[in-house]
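For reference, the structure is listed below as structure tokens.
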Amino acid sequence: MTQFNLNLGPISAINIQKFVFIASVLFFVCGQAGSISFNNTRISLLDIGVVGLLAIYTTIHKKLKMLLYLKIFLPFLLVAVISLVVQINRLSYMNWLISSLFLVRFALYTSLIVTIPSLPLSQKQLLKFIWLGGVSLALVGLGQYILYPNLRNLLYLGWDPHQFRVFSTMLDPNFTGILMVLALILGLLLKNHLFSMAKVLEIFILFLAFLLTFSRGAYISLITMFLLWSILNRKLVIFFLFNFAFILTLLWLPKPSGEGVNLLRELSIRSRISNDAHAISLIQQSPFIGQGFNTLRYTRKENKSESIGENNSHSGAGFQNSWLFILATTGIIGLFAYIWMWKVIFVTTRINQLILYSAGAVFVHSLFDNSLFFPPIMYWLFTLIGVGIKLDKLK
């Protein structure tokens, strides 16, 4: 039998790696729209792209650089595995297996810190592709805002309508909003051709899409990171001028009828408070090791304080606050392990400003939505970390 061999010379290997990475960026732009769901498990094109990057890396390089990976992620992965193992008798085999798949996905996305540095592309090229992915997501979102202003036809699948808001291919304005923030941070920190007409137009497209998400969590994330930048660079005057202009812009934004575009809406605030309160009650039941990583869909169904409707929605598998999600699923031990993970990342990347501001924005946003474990956001963050680990300096 003829065996397929990738040892066709360095040009073939390079082309394959480039192709798989570019495909993963395209799959990132496809977002949640490019996914299917079955048995409470969602598989997306982006998942396939990340698996492809890992597969081509292990085929060409034979083995992972496990020392670096384990140094960063082993403590949290170990706690997450233990939290699942102790729940094995409480859950059915199928439910336990489905819960474990989320940990497998987390391991796959974190492997980007190893696969990205191996790509035959410079840091500048890698960041350019990611940047174009963010701009493309914004363009699709603006088109969706005009042509497809709500998701009412998908209510039966558990999606919120998000009337007159940019939700793009993520099918959620809050996650789209934080991705716009991450793209803006990337664009503003990349100093090459900052004032070219094309760059200014791209930033304008991103900012407009960001505004039209009407995502308060994303707004707070951008303002918080801009405040941090202003303090570190001693430019508080610019921060106050930006805030003044930002508030005026929000007042002028088109706000058709609907609760979603009302920035003073109380319904979502009450929902988040209720969600956080339930998370705290579960944390108190198992404060040290948690309820098991990603077992919340089944744990919450056992708890009569949560409605069946919420469990059937797309938020049923977790909590809106990522930090409470970590505490509820892996306990205090898991929270410390997760914080340790990011401490090692910052040290390894020498507190790279792009990674610092990007991670900081997601940390803030994750207080309102479970963005720390949203696959497209993990893809963005761990790709940036992989770029930061490359030996050549960021220009």
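Letters A, B, ... go to the chains of the structure tokens in the order shown; residues in each chain start at 1; ligands are counted from 1 in the same order.
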Neighbour list for His162 (chain A) as a ChimeraX atom specification, cut-off 9 Å, only C-alpha atoms, skip fewer than 3 positions in-chain:
/A:149-152,159,165-167,171-173,258-261
Requested write-out: N, CA and C atoms of the selected residues, as an mmCIF file, in the first residue's frame:
data_model
loop_
_atom_site.group_PDB
_atom_site.id
_atom_site.type_symbol
_atom_site.label_atom_id
_atom_site.label_comp_id
_atom_site.auth_asym_id
_atom_site.auth_seq_id
_atom_site.Cartn_x
_atom_site.Cartn_y
_atom_site.Cartn_z
ATOM 1 N N PRO A 149 -31.234 42.134 10.639
ATOM 2 C CA PRO A 149 -31.132 42.895 11.894
ATOM 3 C C PRO A 149 -31.474 42.135 13.166
ATOM 4 N N ASN A 150 -31.929 40.894 13.088
ATOM 5 C CA ASN A 150 -32.229 40.153 14.312
ATOM 6 C C ASN A 150 -32.168 38.646 14.054
ATOM 7 N N LEU A 151 -32.228 37.890 15.148
ATOM 8 C CA LEU A 151 -32.155 36.428 15.072
ATOM 9 C C LEU A 151 -33.466 35.773 15.502
ATOM 10 N N ARG A 152 -34.568 36.457 15.241
ATOM 11 C CA ARG A 152 -35.862 35.932 15.682
ATOM 12 C C ARG A 152 -36.179 34.570 15.052
ATOM 13 N N TRP A 159 -31.269 30.826 20.475
ATOM 14 C CA TRP A 159 -30.558 32.089 20.296
ATOM 15 C C TRP A 159 -31.450 33.258 20.694
ATOM 16 N N ARG A 165 -28.811 44.985 16.517
ATOM 17 C CA ARG A 165 -27.457 45.001 17.069
ATOM 18 C C ARG A 165 -26.540 44.215 16.137
ATOM 19 N N VAL A 166 -25.278 44.590 16.091
ATOM 20 C CA VAL A 166 -24.290 43.832 15.325
ATOM 21 C C VAL A 166 -23.928 42.585 16.120
ATOM 22 N N PHE A 167 -24.218 41.426 15.547
ATOM 23 C CA PHE A 167 -23.814 40.173 16.189
ATOM 24 C C PHE A 167 -22.926 39.341 15.268
ATOM 25 N N LEU A 171 -23.098 35.396 16.206
ATOM 26 C CA LEU A 171 -24.496 35.284 16.605
ATOM 27 C C LEU A 171 -24.737 35.796 18.018
ATOM 28 N N ASP A 172 -23.831 36.660 18.479
ATOM 29 C CA ASP A 172 -23.941 37.238 19.816
ATOM 30 C C ASP A 172 -23.219 38.578 19.827
ATOM 31 N N PRO A 173 -23.913 39.682 20.127
ATOM 32 C CA PRO A 173 -23.271 40.999 20.099
ATOM 33 C C PRO A 173 -22.223 41.200 21.186
ATOM 34 N N GLY A 258 -36.726 48.602 20.817
ATOM 35 C CA GLY A 258 -36.198 47.313 21.268
ATOM 36 C C GLY A 258 -35.370 47.483 22.529
ATOM 37 N N GLU A 259 -35.424 46.478 23.407
ATOM 38 C CA GLU A 259 -34.708 46.531 24.676
ATOM 39 C C GLU A 259 -33.204 46.399 24.484
ATOM 40 N N GLY A 260 -32.773 45.672 23.432
ATOM 41 C CA GLY A 260 -31.357 45.391 23.247
ATOM 42 C C GLY A 260 -30.500 46.618 23.039
ATOM 43 N N VAL A 261 -31.053 47.670 22.412
ATOM 44 C CA VAL A 261 -30.261 48.877 22.135
ATOM 45 C C VAL A 261 -30.364 49.901 23.261
#
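Of the listed residues (A:Ser358, A:Phe28, A:Val237, A:Gly386), A:Ser358 comes nearest to Leu184 (chain A); the distances count only C-alpha atoms.
For the atom pair formed by CA of Tyr357 (chain A) and CA of Met225 (chain A), the distance is 6.3 Å, given to one decimal.
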What's the 12 Å shell around Phe19 (chain A), counting only C-alpha atoms, without same-chain residues fewer than 4 positions away, as a PyMOL selection string?
chain A and resi 12-15+23-26+49+52-53+56+119-121+129
Go ahead and write the selection's residues with C-alpha atoms as a compact mmCIF listing (two decimals), in the first residue's frame.
# COMPACT_ATOMS: atom_id res chain seq x y z
CA SER A 12 5.78 21.90 0.29
CA ALA A 13 5.87 21.81 4.09
CA ILE A 14 5.93 25.62 4.27
CA ASN A 15 3.01 25.95 1.86
CA ALA A 23 -7.77 28.50 6.64
CA SER A 24 -7.98 28.79 10.44
CA VAL A 25 -8.29 32.58 10.14
CA LEU A 26 -11.10 32.15 7.60
CA GLY A 49 -8.78 24.59 11.85
CA GLY A 52 -5.41 21.01 11.57
CA LEU A 53 -2.68 23.32 12.87
CA ILE A 56 0.37 19.51 10.60
CA LEU A 119 4.78 28.67 11.32
CA PRO A 120 6.99 29.89 8.46
CA LEU A 121 5.63 33.42 8.83
CA PHE A 129 -3.64 37.91 9.04
Where in region 12-104 of chain A does DSSP assign alpha helix (DSSP H), given as a compact mmCIF listing (two decimals) with C-alpha atoms, in the first residue's frame?
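The result, written out as result-v6.txt:
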# COMPACT_ATOMS: atom_id res chain seq x y z
CA SER A 12 5.78 21.90 0.29
CA ALA A 13 5.87 21.81 4.09
CA ILE A 14 5.93 25.62 4.27
CA ASN A 15 3.01 25.95 1.86
CA ILE A 16 0.95 23.41 3.79
CA GLN A 17 1.55 25.20 7.10
CA LYS A 18 0.66 28.58 5.60
CA PHE A 19 -2.49 27.19 4.01
CA VAL A 20 -3.72 25.60 7.25
CA PHE A 21 -3.11 28.82 9.21
CA ILE A 22 -4.90 31.00 6.64
CA ALA A 23 -7.77 28.50 6.64
CA SER A 24 -7.98 28.79 10.44
CA VAL A 25 -8.29 32.58 10.14
CA LEU A 26 -11.10 32.15 7.60
CA PHE A 27 -12.80 29.67 9.94
CA PHE A 28 -12.43 32.24 12.74
CA VAL A 29 -14.39 34.72 10.61
CA CYS A 30 -17.10 32.05 10.11
CA LEU A 45 -14.98 25.03 11.50
CA LEU A 46 -12.59 26.89 13.80
CA ASP A 47 -12.22 23.75 15.94
CA ILE A 48 -11.26 21.86 12.78
CA GLY A 49 -8.78 24.59 11.85
CA VAL A 50 -7.06 24.42 15.25
CA VAL A 51 -6.91 20.62 15.04
CA GLY A 52 -5.41 21.01 11.57
CA LEU A 53 -2.68 23.32 12.87
CA LEU A 54 -1.79 20.83 15.60
CA ALA A 55 -1.89 17.88 13.18
CA ILE A 56 0.37 19.51 10.60
CA TYR A 57 2.75 20.63 13.35
CA THR A 58 3.11 17.15 14.83
CA THR A 59 3.48 15.64 11.34
CA ILE A 60 6.28 17.98 10.30
CA HIS A 61 8.03 18.47 13.65
CA MET A 66 5.88 19.85 25.69
CA LEU A 67 8.13 21.47 28.29
CA LEU A 68 6.94 25.00 27.48
CA TYR A 69 3.32 23.89 27.17
CA LEU A 70 3.30 21.93 30.44
CA LYS A 71 5.08 24.75 32.26
CA ILE A 72 2.18 27.06 31.46
CA PHE A 73 -0.92 24.86 31.39
CA LEU A 74 -0.26 21.66 33.39
CA PRO A 75 -1.45 22.96 36.81
CA PHE A 76 -4.85 24.10 35.52
CA LEU A 77 -5.34 21.09 33.25
CA LEU A 78 -4.49 18.76 36.12
CA VAL A 79 -7.01 20.40 38.46
CA ALA A 80 -9.67 20.36 35.73
CA VAL A 81 -9.08 16.63 35.13
CA ILE A 82 -9.29 15.86 38.87
CA SER A 83 -12.52 17.88 39.15
CA LEU A 84 -13.98 15.70 36.39
CA VAL A 85 -12.72 12.41 37.81
CA TYR A 93 -21.02 7.94 31.14
CA MET A 94 -22.28 9.95 28.14
CA ASN A 95 -22.74 13.19 30.13
CA TRP A 96 -19.30 12.79 31.70
CA LEU A 97 -17.75 12.22 28.27
CA ILE A 98 -19.48 15.29 26.80
CA SER A 99 -18.22 17.38 29.73
CA SER A 100 -14.68 16.10 29.14
CA LEU A 101 -14.77 17.23 25.50
CA PHE A 102 -14.74 20.87 26.62
CA LEU A 103 -11.45 20.27 28.41
CA VAL A 104 -10.09 18.62 25.25
Which residues are near Ala361 (chain A)? Cut-off 8 Å, only C-alpha atoms, ignore same chain within fewer than 5 positions. Put them as number ranges by chain.
A: 178, 181-182, 221-222, 224-225
Serialized selection, N, CA and C atoms, as an mmCIF file, in the first residue's frame:
data_model
loop_
_atom_site.group_PDB
_atom_site.id
_atom_site.type_symbol
_atom_site.label_atom_id
_atom_site.label_comp_id
_atom_site.auth_asym_id
_atom_site.auth_seq_id
_atom_site.Cartn_x
_atom_site.Cartn_y
_atom_site.Cartn_z
ATOM 1 N N ILE A 178 -16.417 42.217 22.154
ATOM 2 C CA ILE A 178 -15.074 42.076 22.725
ATOM 3 C C ILE A 178 -14.062 41.714 21.644
ATOM 4 N N VAL A 181 -13.041 44.874 20.198
ATOM 5 C CA VAL A 181 -12.081 45.530 21.098
ATOM 6 C C VAL A 181 -10.684 44.954 20.885
ATOM 7 N N LEU A 182 -10.574 43.633 20.803
ATOM 8 C CA LEU A 182 -9.274 42.994 20.595
ATOM 9 C C LEU A 182 -8.657 43.414 19.267
ATOM 10 N N SER A 221 -14.817 47.264 28.733
ATOM 11 C CA SER A 221 -13.491 46.682 28.477
ATOM 12 C C SER A 221 -12.592 47.666 27.754
ATOM 13 N N LEU A 222 -13.122 48.285 26.695
ATOM 14 C CA LEU A 222 -12.314 49.240 25.932
ATOM 15 C C LEU A 222 -11.938 50.446 26.783
ATOM 16 N N THR A 224 -11.711 50.622 30.048
ATOM 17 C CA THR A 224 -10.771 50.219 31.101
ATOM 18 C C THR A 224 -9.359 50.086 30.560
ATOM 19 N N MET A 225 -9.217 49.455 29.377
ATOM 20 C CA MET A 225 -7.886 49.299 28.800
ATOM 21 C C MET A 225 -7.313 50.632 28.337
#
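Between CA of Tyr145 (chain A) and CA of Leu208 (chain A) lies a distance of 11.1 Å.
Going from CA of Asn352 (chain A) over to CA of Val387 (chain A), you cover 10.3 Å.
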Which is closer to Phe106 (chain A) than all the others in A:Leu253, A:Leu335, A:Ile377, A:Leu127, using only C-alpha atoms?
A:Ile377
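Among the candidates A:Phe374, A:Phe226, A:Phe246, A:Phe207, the one nearest to Phe319 (chain A) when counting only C-alpha atoms is A:Phe374.
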Nearest to Gly388 (chain A) by atom-to-atom distance, counting only C-alpha atoms, from A:Leu367, A:Leu126, A:Leu296, A:Ile36:
A:Leu126
Quick one: everything within 12 Å of Leu324 (chain A), counting only C-alpha atoms, minus sequence neighbours fewer than 2 positions away in the same chain. Send it as a ChimeraX atom specification.
/A:272-273,275-284,287,290-291,296,318-322,326-332,334-335,366-370,372
Restricting the output to C-alpha atoms, write the selected residues as an mmCIF file, in the first residue's frame.
data_model
loop_
_atom_site.group_PDB
_atom_site.id
_atom_site.type_symbol
_atom_site.label_atom_id
_atom_site.label_comp_id
_atom_site.auth_asym_id
_atom_site.auth_seq_id
_atom_site.Cartn_x
_atom_site.Cartn_y
_atom_site.Cartn_z
ATOM 1 C CA ARG A 272 -26.746 38.445 35.461
ATOM 2 C CA ILE A 273 -27.293 39.022 39.185
ATOM 3 C CA ASN A 275 -26.903 33.965 37.325
ATOM 4 C CA ASP A 276 -24.077 35.055 39.653
ATOM 5 C CA ALA A 277 -26.132 34.215 42.746
ATOM 6 C CA HIS A 278 -26.710 30.673 41.484
ATOM 7 C CA ALA A 279 -23.006 30.316 40.727
ATOM 8 C CA ILE A 280 -22.145 31.342 44.286
ATOM 9 C CA SER A 281 -24.584 28.776 45.677
ATOM 10 C CA LEU A 282 -22.879 26.011 43.673
ATOM 11 C CA ILE A 283 -19.426 27.229 44.748
ATOM 12 C CA GLN A 284 -20.471 26.931 48.385
ATOM 13 C CA PRO A 287 -15.530 25.253 47.249
ATOM 14 C CA GLY A 290 -15.760 22.484 42.221
ATOM 15 C CA GLN A 291 -18.596 20.666 40.490
ATOM 16 C CA LEU A 296 -22.729 22.654 34.845
ATOM 17 C CA GLY A 318 -21.848 27.714 32.018
ATOM 18 C CA PHE A 319 -22.192 30.974 33.884
ATOM 19 C CA GLN A 320 -21.921 34.438 32.393
ATOM 20 C CA ASN A 321 -19.070 35.387 34.722
ATOM 21 C CA SER A 322 -15.974 33.420 33.663
ATOM 22 C CA ILE A 326 -13.915 28.603 37.075
ATOM 23 C CA LEU A 327 -14.721 28.638 40.789
ATOM 24 C CA ALA A 328 -17.931 26.652 40.337
ATOM 25 C CA THR A 329 -16.325 23.992 38.139
ATOM 26 C CA THR A 330 -12.773 23.673 39.519
ATOM 27 C CA GLY A 331 -13.013 25.408 42.897
ATOM 28 C CA ILE A 332 -10.513 27.649 44.640
ATOM 29 C CA GLY A 334 -8.643 25.690 39.952
ATOM 30 C CA LEU A 335 -8.903 29.481 40.230
ATOM 31 C CA SER A 366 -15.349 38.030 31.342
ATOM 32 C CA LEU A 367 -16.990 39.554 34.416
ATOM 33 C CA PHE A 368 -20.121 39.947 32.275
ATOM 34 C CA ASP A 369 -19.881 37.088 29.747
ATOM 35 C CA ASN A 370 -17.991 33.784 29.723
ATOM 36 C CA LEU A 372 -12.406 33.390 28.739
#
Compile the contact shell of Leu236 (chain A) as a PyMOL selection string: residues with an atom at most 9 Å away, counting only C-alpha atoms, same-chain residues fewer than 6 positions apart removed.
chain A and resi 227+229-230
Go ahead and dump the residues you just picked, N, CA and C atoms, as a tab-separated table (two decimals), in the first residue's frame.
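The result, written out as result-v9.tsv:
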chain	number	residue	atom	x	y	z
A	227	LEU	N	-7.95	53.45	29.81
A	227	LEU	CA	-7.54	54.09	31.06
A	227	LEU	C	-6.18	53.56	31.50
A	229	TRP	N	-3.84	52.25	29.59
A	229	TRP	CA	-2.84	52.80	28.67
A	229	TRP	C	-2.53	54.25	29.02
A	230	SER	N	-3.55	55.03	29.35
A	230	SER	CA	-3.37	56.45	29.66
A	230	SER	C	-2.54	56.64	30.92
